[in-house]
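Shown next: work00.txt, given as compact mmCIF, C-alpha atoms and all ligand atoms.
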```txt
# COMPACT_ATOMS: atom_id res chain seq x y z
CA MET X 1 -63.13 -148.85 47.24
CA LYS X 2 -64.20 -145.43 48.53
CA ALA X 3 -62.70 -144.30 51.84
CA ALA X 4 -62.22 -141.17 53.95
CA MET X 5 -58.54 -140.77 54.72
CA ILE X 6 -55.92 -138.34 55.95
CA LYS X 7 -52.52 -137.82 54.31
CA GLU X 8 -51.29 -135.47 57.02
CA TYR X 9 -52.33 -134.44 60.54
CA GLY X 10 -54.45 -131.32 60.87
CA PRO X 11 -57.93 -129.75 61.07
CA SER X 12 -61.06 -131.51 59.79
CA ASP X 13 -60.45 -130.46 56.17
CA VAL X 14 -57.43 -132.82 55.95
CA LEU X 15 -60.06 -135.58 55.66
CA GLN X 16 -60.35 -136.50 51.99
CA ILE X 17 -62.60 -138.94 50.14
CA GLY X 18 -60.64 -141.09 47.70
CA GLU X 19 -60.25 -144.52 46.14
CA ILE X 20 -57.93 -147.12 47.68
CA PRO X 21 -57.55 -150.86 47.06
CA ARG X 22 -60.07 -153.11 48.81
CA PRO X 23 -58.27 -154.92 51.69
CA GLN X 24 -57.57 -158.66 51.46
CA PRO X 25 -58.59 -160.71 54.51
CA GLY X 26 -55.93 -162.69 56.40
CA SER X 27 -56.71 -166.26 57.46
CA ARG X 28 -58.46 -165.20 60.69
CA ASP X 29 -60.13 -162.08 59.24
CA VAL X 30 -63.59 -161.41 57.93
CA LEU X 31 -63.99 -158.85 55.16
CA ILE X 32 -66.96 -156.68 56.13
CA GLU X 33 -68.97 -154.55 53.71
CA VAL X 34 -69.47 -151.45 55.84
CA HIS X 35 -73.08 -150.24 56.06
CA ALA X 36 -72.46 -147.68 58.80
CA SER X 37 -69.66 -146.34 60.97
CA SER X 38 -69.54 -143.70 63.70
CA VAL X 39 -67.35 -140.85 64.95
CA ASN X 40 -65.58 -141.10 68.30
CA PRO X 41 -63.41 -138.36 69.85
CA ILE X 42 -60.36 -140.64 69.40
CA ASP X 43 -60.81 -140.26 65.59
CA TRP X 44 -60.23 -136.52 65.61
CA LYS X 45 -57.55 -136.78 68.28
CA ILE X 46 -55.64 -139.08 65.88
CA ARG X 47 -56.45 -136.75 62.95
CA GLN X 48 -54.98 -133.81 64.91
CA GLY X 49 -51.77 -135.81 65.50
CA LYS X 50 -52.25 -135.76 69.26
CA GLN X 51 -51.85 -139.54 69.59
CA ARG X 52 -48.71 -139.85 67.50
CA GLY X 53 -46.50 -140.47 70.52
CA ALA X 54 -48.53 -143.60 71.28
CA ILE X 55 -48.98 -144.95 67.71
CA ARG X 56 -47.09 -143.88 64.59
CA TYR X 57 -49.44 -144.24 61.63
CA LYS X 58 -48.24 -144.55 58.03
CA PHE X 59 -50.09 -142.16 55.69
CA PRO X 60 -52.58 -142.34 54.13
CA VAL X 61 -54.59 -143.37 57.21
CA VAL X 62 -58.24 -144.38 56.96
CA LEU X 63 -59.83 -143.47 60.30
CA GLY X 64 -62.87 -145.03 62.01
CA MET X 65 -63.27 -147.54 64.86
CA ASP X 66 -66.93 -148.59 64.64
CA VAL X 67 -68.62 -150.73 62.03
CA SER X 68 -71.91 -152.43 61.35
CA GLY X 69 -72.10 -154.38 58.11
CA VAL X 70 -72.22 -157.70 56.29
CA VAL X 71 -69.51 -160.38 55.94
CA VAL X 72 -68.59 -160.72 52.24
CA GLU X 73 -65.50 -162.93 52.61
CA ALA X 74 -64.08 -165.09 55.40
CA GLY X 75 -60.42 -166.16 55.86
CA SER X 76 -59.56 -169.89 55.74
CA LYS X 77 -59.32 -170.21 59.55
CA VAL X 78 -62.46 -168.22 60.43
CA LYS X 79 -64.79 -170.40 62.54
CA GLN X 80 -67.62 -168.23 63.82
CA PHE X 81 -68.79 -166.27 60.76
CA LYS X 82 -69.85 -166.96 57.19
CA VAL X 83 -70.60 -164.85 54.13
CA GLY X 84 -73.90 -163.01 54.56
CA ASP X 85 -73.70 -162.67 58.38
CA GLU X 86 -74.72 -159.24 59.69
CA VAL X 87 -72.02 -158.23 62.15
CA TYR X 88 -70.57 -155.36 64.14
CA SER X 89 -67.18 -154.56 65.61
CA SER X 90 -64.68 -152.06 66.90
CA PRO X 91 -61.25 -152.92 65.44
CA THR X 92 -57.88 -152.31 67.07
CA HIS X 93 -56.16 -148.90 66.81
CA ARG X 94 -53.57 -150.38 64.41
CA ARG X 95 -56.15 -151.93 62.09
CA GLN X 96 -58.78 -149.21 62.23
CA GLY X 97 -60.37 -147.81 59.06
CA THR X 98 -64.16 -148.11 59.14
CA TYR X 99 -64.68 -144.83 57.20
CA ALA X 100 -64.52 -147.03 54.10
CA GLU X 101 -66.68 -149.33 52.02
CA TYR X 102 -64.85 -152.44 53.31
CA ILE X 103 -62.71 -153.41 56.27
CA CYS X 104 -60.90 -156.59 57.36
CA ILE X 105 -61.16 -157.44 61.06
CA ASP X 106 -59.88 -160.43 63.05
CA GLU X 107 -62.92 -162.56 63.90
CA SER X 108 -62.11 -162.34 67.63
CA ALA X 109 -63.21 -158.67 67.55
CA VAL X 110 -66.50 -159.34 65.71
CA ALA X 111 -70.00 -160.31 66.88
CA GLN X 112 -73.40 -160.91 65.33
CA LYS X 113 -75.30 -157.63 64.98
CA PRO X 114 -78.36 -157.13 67.26
CA SER X 115 -81.34 -158.18 65.14
CA ASN X 116 -83.76 -155.53 66.47
CA ILE X 117 -81.88 -152.38 65.42
CA THR X 118 -80.65 -150.95 62.09
CA HIS X 119 -77.05 -150.92 60.87
CA GLN X 120 -76.90 -147.19 61.58
CA GLU X 121 -78.07 -147.69 65.16
CA THR X 122 -75.72 -150.68 65.57
CA ALA X 123 -72.70 -148.67 64.38
CA SER X 124 -73.27 -146.30 67.30
CA ILE X 125 -72.59 -149.09 69.80
CA PRO X 126 -69.25 -150.94 69.59
CA LEU X 127 -66.55 -148.54 70.83
CA VAL X 128 -68.67 -146.85 73.51
CA GLY X 129 -70.27 -150.15 74.55
CA LEU X 130 -66.90 -151.87 74.97
CA THR X 131 -65.58 -148.85 76.89
CA ALA X 132 -68.57 -148.76 79.24
CA TRP X 133 -68.27 -152.52 79.84
CA GLU X 134 -64.56 -152.23 80.66
CA ALA X 135 -65.17 -149.21 82.93
CA LEU X 136 -68.16 -150.65 84.83
CA VAL X 137 -67.95 -154.45 84.65
CA VAL X 138 -64.26 -155.36 84.26
CA LYS X 139 -62.49 -152.54 86.15
CA GLY X 140 -65.42 -151.02 88.06
CA LYS X 141 -66.76 -154.39 89.30
CA VAL X 142 -70.14 -152.72 89.86
CA LYS X 143 -72.48 -154.65 92.20
CA PRO X 144 -76.25 -154.22 92.65
CA GLY X 145 -77.11 -151.33 94.98
CA GLN X 146 -73.77 -149.58 94.54
CA LYS X 147 -73.63 -145.84 93.88
CA VAL X 148 -72.03 -145.08 90.51
CA LEU X 149 -71.16 -141.63 89.14
CA ILE X 150 -70.94 -141.42 85.35
CA GLN X 151 -69.45 -138.13 84.17
CA ALA X 152 -70.75 -136.61 80.90
CA GLY X 153 -73.88 -138.77 80.82
CA ALA X 154 -75.22 -137.17 77.64
CA GLY X 155 -72.21 -138.14 75.48
CA GLY X 156 -71.55 -141.29 73.50
CA VAL X 157 -69.96 -143.28 76.34
CA GLY X 158 -72.16 -141.74 79.03
CA SER X 159 -75.49 -142.49 77.36
CA PHE X 160 -74.49 -146.15 77.01
CA ALA X 161 -72.87 -146.37 80.46
CA ILE X 162 -75.98 -145.05 82.25
CA GLN X 163 -78.07 -147.82 80.71
CA LEU X 164 -75.46 -150.53 81.42
CA ALA X 165 -74.99 -149.42 85.04
CA LYS X 166 -78.78 -149.62 85.54
CA GLN X 167 -78.72 -153.17 84.17
CA LEU X 168 -76.00 -153.99 86.72
CA GLY X 169 -78.39 -152.85 89.46
CA ALA X 170 -76.55 -149.66 90.41
CA TYR X 171 -77.93 -146.36 91.71
CA VAL X 172 -76.80 -144.15 88.84
CA ILE X 173 -75.73 -140.54 89.23
CA THR X 174 -74.64 -138.52 86.21
CA THR X 175 -73.52 -135.01 85.22
CA CYS X 176 -74.66 -132.94 82.24
CA SER X 177 -75.76 -129.41 81.30
CA THR X 178 -79.34 -128.15 81.69
CA ARG X 179 -80.50 -129.03 78.15
CA ASN X 180 -79.65 -132.72 78.71
CA VAL X 181 -81.17 -133.29 82.17
CA GLU X 182 -84.42 -134.86 80.89
CA LYS X 183 -82.54 -136.91 78.28
CA VAL X 184 -80.29 -138.63 80.83
CA LYS X 185 -83.23 -139.22 83.18
CA ALA X 186 -85.00 -140.97 80.31
CA LEU X 187 -81.96 -143.24 79.94
CA GLY X 188 -82.41 -144.32 83.58
CA ALA X 189 -80.26 -141.96 85.66
CA ASP X 190 -81.53 -141.90 89.27
CA GLN X 191 -79.84 -138.60 90.13
CA VAL X 192 -78.70 -135.87 87.74
CA ILE X 193 -76.26 -133.12 88.61
CA ASP X 194 -76.50 -130.13 86.28
CA TYR X 195 -72.87 -129.01 86.25
CA THR X 196 -73.85 -125.51 85.14
CA LYS X 197 -75.67 -125.01 88.45
CA GLU X 198 -74.12 -127.41 90.96
CA ASN X 199 -70.71 -128.78 91.86
CA TYR X 200 -70.79 -132.56 92.28
CA GLU X 201 -67.90 -132.49 94.75
CA GLU X 202 -70.11 -130.58 97.20
CA ILE X 203 -73.05 -132.96 96.84
CA LEU X 204 -71.63 -136.49 96.57
CA LYS X 205 -69.69 -138.65 99.00
CA ASP X 206 -69.01 -142.35 99.60
CA ILE X 207 -69.46 -143.22 95.93
CA ASP X 208 -68.51 -146.81 95.01
CA VAL X 209 -67.49 -146.32 91.37
CA VAL X 210 -66.73 -143.23 89.27
CA VAL X 211 -66.38 -143.24 85.49
CA ASP X 212 -64.34 -140.13 84.66
CA ALA X 213 -64.92 -139.20 81.02
CA LEU X 214 -63.59 -135.66 81.42
CA GLY X 215 -59.91 -136.19 82.23
CA GLY X 216 -57.35 -133.60 83.29
CA GLU X 217 -57.73 -132.35 86.87
CA GLU X 218 -61.14 -134.03 87.16
CA LYS X 219 -59.63 -137.24 88.52
CA TYR X 220 -58.49 -135.46 91.68
CA LYS X 221 -62.06 -134.27 92.31
CA ALA X 222 -63.42 -137.77 91.59
CA ARG X 223 -61.00 -139.24 94.13
CA LYS X 224 -62.42 -137.02 96.87
CA ILE X 225 -65.98 -138.34 96.52
CA LEU X 226 -65.11 -142.05 96.40
CA ARG X 227 -65.33 -144.20 99.51
CA ARG X 228 -62.25 -146.10 100.69
CA GLY X 229 -62.21 -149.27 98.61
CA GLY X 230 -63.96 -147.44 95.77
CA ARG X 231 -62.95 -147.73 92.14
CA LEU X 232 -62.14 -145.02 89.59
CA SER X 233 -62.28 -145.74 85.85
CA LEU X 234 -60.28 -143.15 83.92
CA LEU X 235 -61.26 -142.77 80.26
CA ASN X 236 -58.82 -139.96 79.52
CA ALA X 237 -55.10 -139.82 80.11
CA THR X 238 -53.47 -136.40 79.89
CA LEU X 239 -51.66 -137.48 76.69
CA ILE X 240 -53.05 -134.68 74.53
CA GLN X 241 -52.10 -131.86 76.89
CA ASN X 242 -48.66 -133.41 77.46
CA THR X 243 -48.08 -133.97 73.71
CA GLU X 244 -48.95 -130.33 73.02
CA ARG X 245 -46.55 -129.15 75.72
CA PHE X 246 -43.65 -131.57 75.47
CA GLY X 247 -43.96 -133.23 72.03
CA PRO X 248 -45.04 -136.80 71.27
CA ASN X 249 -42.25 -138.80 72.95
CA ILE X 250 -41.66 -136.88 76.18
CA GLY X 251 -45.44 -136.27 76.30
CA LEU X 252 -46.09 -140.02 76.26
CA LEU X 253 -43.44 -140.64 78.93
CA LYS X 254 -44.79 -137.88 81.17
CA THR X 255 -48.35 -139.18 80.78
CA GLY X 256 -47.24 -142.66 81.86
CA LEU X 257 -45.39 -141.27 84.89
CA ASP X 258 -48.31 -138.99 85.89
CA LEU X 259 -50.75 -141.88 85.74
CA ALA X 260 -48.48 -144.25 87.66
CA THR X 261 -48.03 -141.61 90.39
CA PHE X 262 -51.77 -140.92 90.54
CA LYS X 263 -52.66 -144.61 90.76
CA LEU X 264 -50.06 -145.28 93.47
CA SER X 265 -51.08 -142.27 95.60
CA SER X 266 -54.78 -143.16 95.17
CA TRP X 267 -54.08 -146.63 96.50
CA LEU X 268 -51.67 -145.69 99.31
CA PHE X 269 -53.34 -142.55 100.68
CA HIS X 270 -57.02 -142.92 99.71
CA GLY X 271 -57.56 -146.69 99.48
CA ILE X 272 -58.91 -146.24 95.93
CA SER X 273 -58.23 -148.43 92.93
CA ALA X 274 -57.73 -146.12 89.91
CA ASN X 275 -57.66 -147.81 86.51
CA THR X 276 -56.93 -146.53 83.03
CA ILE X 277 -59.61 -147.75 80.63
CA MET X 278 -58.50 -149.07 77.24
CA ARG X 279 -61.46 -150.19 75.14
CA PRO X 280 -60.90 -153.90 74.43
CA PRO X 281 -61.60 -154.95 70.80
CA SER X 282 -63.66 -157.99 71.86
CA GLY X 283 -66.32 -159.95 70.00
CA LYS X 284 -67.16 -161.81 73.23
CA ILE X 285 -68.13 -158.59 75.04
CA LEU X 286 -70.06 -157.38 71.98
CA ALA X 287 -72.02 -160.67 72.07
CA GLU X 288 -73.00 -159.84 75.70
CA LEU X 289 -74.10 -156.38 74.54
CA THR X 290 -76.13 -157.95 71.70
CA THR X 291 -78.11 -159.93 74.31
CA LEU X 292 -78.86 -156.76 76.33
CA ILE X 293 -79.84 -154.80 73.20
CA GLU X 294 -82.07 -157.57 71.81
CA ALA X 295 -83.82 -157.78 75.21
CA GLY X 296 -84.55 -154.04 74.90
CA ASP X 297 -82.51 -153.33 78.05
CA ILE X 298 -80.09 -151.00 76.25
CA LYS X 299 -81.05 -148.73 73.36
CA PRO X 300 -78.79 -146.91 70.92
CA VAL X 301 -78.69 -143.13 71.29
CA VAL X 302 -78.03 -141.48 67.93
CA ASP X 303 -77.73 -137.72 67.68
CA ARG X 304 -76.98 -137.17 63.97
CA VAL X 305 -76.31 -139.22 60.83
CA TYR X 306 -73.89 -137.91 58.17
CA ASP X 307 -72.98 -139.32 54.77
CA LEU X 308 -69.32 -140.34 54.32
CA GLU X 309 -68.84 -137.32 52.02
CA ASP X 310 -69.68 -135.06 54.97
CA ILE X 311 -67.14 -136.67 57.30
CA ALA X 312 -65.29 -133.37 57.91
CA GLU X 313 -68.54 -131.78 59.11
CA ALA X 314 -69.19 -134.79 61.35
CA HIS X 315 -65.70 -134.43 62.91
CA SER X 316 -66.23 -130.70 63.47
CA TYR X 317 -69.50 -131.42 65.24
CA SER X 318 -67.88 -134.06 67.48
CA GLU X 319 -65.08 -131.61 68.30
CA THR X 320 -67.61 -129.16 69.77
CA GLY X 321 -67.96 -131.63 72.69
CA ARG X 322 -71.74 -131.12 72.57
CA ALA X 323 -72.92 -134.32 70.83
CA GLN X 324 -75.98 -135.85 72.49
CA GLY X 325 -75.27 -139.55 72.08
CA LYS X 326 -73.55 -140.72 68.93
CA ILE X 327 -72.67 -139.34 65.51
CA VAL X 328 -73.22 -142.01 62.86
CA ILE X 329 -71.72 -142.20 59.35
CA ALA X 330 -73.90 -143.79 56.67
CA LEU X 331 -71.99 -145.74 54.00
CA ARG X 332 -74.93 -147.30 52.16
CA LYS X 333 -77.00 -144.73 50.29
CA GLY X 334 -79.92 -147.13 49.78
CA GLU X 335 -80.53 -147.58 53.50
CA ALA X 336 -83.01 -145.40 55.30
CA VAL X 337 -81.44 -142.73 57.45
CA SER X 338 -83.23 -143.44 60.70
CA TYR X 339 -82.39 -140.12 62.33
CA PRO X 340 -82.85 -136.82 60.49
CA ARG X 341 -79.95 -134.42 60.68
CA THR X 342 -80.69 -131.38 62.81
N1 LIG X 401 -60.25 -144.86 77.19
C1 LIG X 401 -61.08 -145.25 76.26
O1 LIG X 401 -61.03 -146.42 75.82
C2 LIG X 401 -62.11 -144.31 75.74
C3 LIG X 401 -63.16 -144.78 74.95
C4 LIG X 401 -64.14 -143.89 74.54
C5 LIG X 401 -64.05 -142.54 74.86
N2 LIG X 401 -62.99 -142.11 75.57
C6 LIG X 401 -62.89 -140.67 75.91
O2 LIG X 401 -63.95 -140.35 76.79
C7 LIG X 401 -64.40 -139.02 76.54
C8 LIG X 401 -65.91 -139.05 76.31
O3 LIG X 401 -66.16 -139.73 75.09
P1 LIG X 401 -67.59 -139.60 74.39
O4 LIG X 401 -67.57 -140.43 73.16
O5 LIG X 401 -68.65 -139.82 75.38
O6 LIG X 401 -67.56 -138.03 73.99
P2 LIG X 401 -68.71 -137.13 73.42
O7 LIG X 401 -69.85 -137.98 72.95
O8 LIG X 401 -68.12 -136.18 72.46
O9 LIG X 401 -69.19 -136.30 74.72
C9 LIG X 401 -70.02 -135.22 74.50
C10 LIG X 401 -70.77 -134.95 75.77
O10 LIG X 401 -69.92 -134.47 76.80
C11 LIG X 401 -70.71 -133.72 77.70
N3 LIG X 401 -69.88 -132.80 78.47
C12 LIG X 401 -68.99 -131.90 78.00
N4 LIG X 401 -68.40 -131.24 79.03
C13 LIG X 401 -68.96 -131.74 80.18
C14 LIG X 401 -68.77 -131.48 81.57
N5 LIG X 401 -67.89 -130.58 82.00
N6 LIG X 401 -69.48 -132.22 82.46
C15 LIG X 401 -70.37 -133.15 82.06
N7 LIG X 401 -70.61 -133.41 80.74
C16 LIG X 401 -69.89 -132.74 79.83
C17 LIG X 401 -71.66 -132.96 76.78
O11 LIG X 401 -72.88 -132.77 77.49
P3 LIG X 401 -73.39 -131.27 77.78
O12 LIG X 401 -73.59 -130.68 76.41
O13 LIG X 401 -74.62 -131.47 78.57
O14 LIG X 401 -72.26 -130.59 78.51
C18 LIG X 401 -71.86 -133.90 75.59
O15 LIG X 401 -73.11 -134.52 75.57
C19 LIG X 401 -63.60 -138.52 75.32
O16 LIG X 401 -62.54 -137.72 75.77
C20 LIG X 401 -63.06 -139.78 74.69
O17 LIG X 401 -61.87 -139.58 73.97
C21 LIG X 401 -62.04 -142.94 76.03
```

Translate the structure described by the file into structure tokens.
Amino acid sequence: MKAAMIKEYGPSDVLQIGEIPRPQPGSRDVLIEVHASSVNPIDWKIRQGKQRGAIRYKFPVVLGMDVSGVVVEAGSKVKQFKVGDEVYSSPTHRRQGTYAEYICIDESAVAQKPSNITHQETASIPLVGLTAWEALVVKGKVKPGQKVLIQAGAGGVGSFAIQLAKQLGAYVITTCSTRNVEKVKALGADQVIDYTKENYEEILKDIDVVVDALGGEEKYKARKILRRGGRLSLLNATLIQNTERFGPNIGLLKTGLDLATFKLSSWLFHGISANTIMRPPSGKILAELTTLIEAGDIKPVVDRVYDLEDIAEAHSYSETGRAQGKIVIALRKGEAVSYPRT
């Protein structure tokens, strides 16, 4: 089968299109014919080798953690899916590889695809949807009427999280640059802070939940605006900066220690529960998202669609940090590209 893979860590041109054997499903796996995938920042962080302290991959590595497609084979113990089902998923880090024509995924991480959107739109959902759910529902415990700050509202996670937080009944505040203000308002944001003109630390206080998508020193600022008893969902550890400075092993250790210290001090001195968000590969949560999407309560936000052959270009665009919503990868040439490239 055709796949985009890396044989070494490096810049976007280490991504190569090649032929590899089609994977064989285990007893609990479904083999999915991939119709569309998407790019997430984690893909190029792995490609750059910045995650190698956390997971050691064996080359060649096929990247990609989002898929929408059709089940073409089901393992002997698979209960929920049959050949022909249209499904979507975000596989685990160890079994990633959706930049390919086929992928095997444990059925527990798979759900029926929303029927009202295309495969390309669906592929934009799984990883960011699962992350937003973990940050707002599981760790954030958002209740109706609560004030929620979502950092980087115009990005992949942010554009989904704004819509989900609105569905949870929250008053949603978000940050973005001037060009995205109207876009995030259209997604449902009640209050928008243009970070090129205003500093959110000077405007906000007594916030119930913050989703910090920026990382680094940002978590200290977020802590200042939360109320006692508030909750902070951290999407970014400082692993990349620490790996660059100290190498993969010490970098990983230092990141763990930094986070543990931050969480303890947040709890002891500020009364805040700070939680690291790890996107759960969960078919059950995706099924909840399917219900919200089919009801029209959450809509996919797709910025650009690239063909698999242009994967290096898609990575370079994601690395600019300026994507407005999601970057989708089309695997099936016959399917209409719903969003023209700009
Ligand atoms: N822990 C997890 O499980 C998990 C899961 C998913 C993502 N993540 C991490 O979360 C981060 C966000 O992911 P993503 O997919 O949303 O990234 P993304 O789509 O690449 O984010 C791009 C967006 O970030 C916005 N942005 C950049 N700098 C900003 C700033 N200073 N303030 C506010 N907005 C800013 C940009 O808006 P403007 O152009 O308007 O600035 C742009 O729309 C990434 O670092 C990713 O690795 C973690």

task: Point out the residue among X:Asn180, X:Thr291, X:Thr261, X:Ser37 with the least atom-to-atom distance to X:Leu331, counting all atoms listed in the file.
output: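 Of the candidates, the smallest distance to X:Leu331 is held by X:Ser37.
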
- prompt: Separation of atom O11 of ligand LIG 401 (chain X) and atom CA of X:Thr118, in Å?
  reply: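 Result for atom O11 of ligand LIG 401 (chain X) versus atom CA of X:Thr118: 25.1 Å, one decimal.
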
message: I'd like the contact shell of X:His270 - 8 Å cut-off, only C-alpha atoms, skipping same-chain residues fewer than 4 positions apart - returned as a list in words.
response: Arg223, Arg228, Ser265 and Ser266 of chain X

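If only C-alpha atoms are the atoms counted, then among X:Ser233, X:Gln324, X:Thr290, X:Asn249 the closest residue to X:Ala274 is X:Ser233.
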
- request: Return the single residue from X:Ala152, X:Met1, X:Leu168, X:Ile173 that is closest to X:Gly215, with distances computed using all atoms listed in the file.
  value: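 Of X:Ala152, X:Met1, X:Leu168, X:Ile173, the one nearest X:Gly215, counting all atoms listed in the file, is X:Ala152.
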
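For the residues X:Lys58, X:Arg52, X:Lys77, X:Lys45, ranking by smallest atom-to-atom distance to ligand LIG 401 (chain X) using all atoms listed in the file places X:Lys45 first.
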
task: Collect all residues with atoms no farther than 7 Å from ligand LIG 401 (chain X), counting all atoms listed in the file, and output them as number ranges by chain.
output: X: 40-42, 127-128, 131, 151-158, 175-180, 195, 213-214, 234-236, 276-279, 318-319, 321-326

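Closest approach to X:Leu136 among X:Gln48, X:Gln24, X:Gln167, X:Thr196 is made by X:Gln167 (distances from all atoms listed in the file).
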
- request: Would you mind reading off the distance between atom CA of X:Ile207 and atom CA of X:Ser159, one decimal, in Å?
  value: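 Separating atom CA of X:Ile207 from atom CA of X:Ser159 is a distance of 19.5 Å.
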
query: Between X:Glu101, X:Asp310, X:Asp29, X:Glu121, which one has atoms that come closest to X:Lys82, using only C-alpha atoms?
result: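 Smallest distance to X:Lys82 is found for X:Asp29.
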
- request: Do a neighbour search on X:Arg28 at 8 Å with all atoms listed in the file, toss out local chain neighbours closer than 4 positions, and write the hits as a ChimeraX atom specification.
  value: /X:74-78,106-107

For those residues, write C-alpha atoms to a file as a CSV table (one decimal), in the coordinates of the input.
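Result written to again_22.csv:
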```csv
chain,number,residue,atom,x,y,z
X,74,ALA,CA,-64.1,-165.1,55.4
X,75,GLY,CA,-60.4,-166.2,55.9
X,76,SER,CA,-59.6,-169.9,55.7
X,77,LYS,CA,-59.3,-170.2,59.6
X,78,VAL,CA,-62.5,-168.2,60.4
X,106,ASP,CA,-59.9,-160.4,63.0
X,107,GLU,CA,-62.9,-162.6,63.9
```

All residues 8 Å or closer to stretch 34-36 of chain X, all atoms listed in the file, same chain fewer than 2 positions away omitted, as a PDB file with C-alpha atoms, in the coordinates of the input:
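Everything below was put into part-v8.pdb:
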```pdb
ATOM      1  CA  ILE X  32     -66.960-156.680  56.130  1.00  0.00           C
ATOM      2  CA  SER X  38     -69.540-143.700  63.700  1.00  0.00           C
ATOM      3  CA  VAL X  67     -68.620-150.730  62.030  1.00  0.00           C
ATOM      4  CA  SER X  68     -71.910-152.430  61.350  1.00  0.00           C
ATOM      5  CA  GLY X  69     -72.100-154.380  58.110  1.00  0.00           C
ATOM      6  CA  VAL X  70     -72.220-157.700  56.290  1.00  0.00           C
ATOM      7  CA  THR X  98     -64.160-148.110  59.140  1.00  0.00           C
ATOM      8  CA  ALA X 100     -64.520-147.030  54.100  1.00  0.00           C
ATOM      9  CA  GLU X 101     -66.680-149.330  52.020  1.00  0.00           C
ATOM     10  CA  TYR X 102     -64.850-152.440  53.310  1.00  0.00           C
ATOM     11  CA  ILE X 103     -62.710-153.410  56.270  1.00  0.00           C
ATOM     12  CA  HIS X 119     -77.050-150.920  60.870  1.00  0.00           C
ATOM     13  CA  GLN X 120     -76.900-147.190  61.580  1.00  0.00           C
ATOM     14  CA  ALA X 123     -72.700-148.670  64.380  1.00  0.00           C
ATOM     15  CA  VAL X 328     -73.220-142.010  62.860  1.00  0.00           C
ATOM     16  CA  ILE X 329     -71.720-142.200  59.350  1.00  0.00           C
ATOM     17  CA  ALA X 330     -73.900-143.790  56.670  1.00  0.00           C
ATOM     18  CA  LEU X 331     -71.990-145.740  54.000  1.00  0.00           C
ATOM     19  CA  ARG X 332     -74.930-147.300  52.160  1.00  0.00           C
TER      20      ARG X 332
END
```

task: Go ahead and compute the interatomic distance for atom CA of X:Lys224 and atom CA of X:Gly256, in Å to one decimal.
output: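 Separation of atom CA of X:Lys224 and atom CA of X:Gly256: 22.1 Å.
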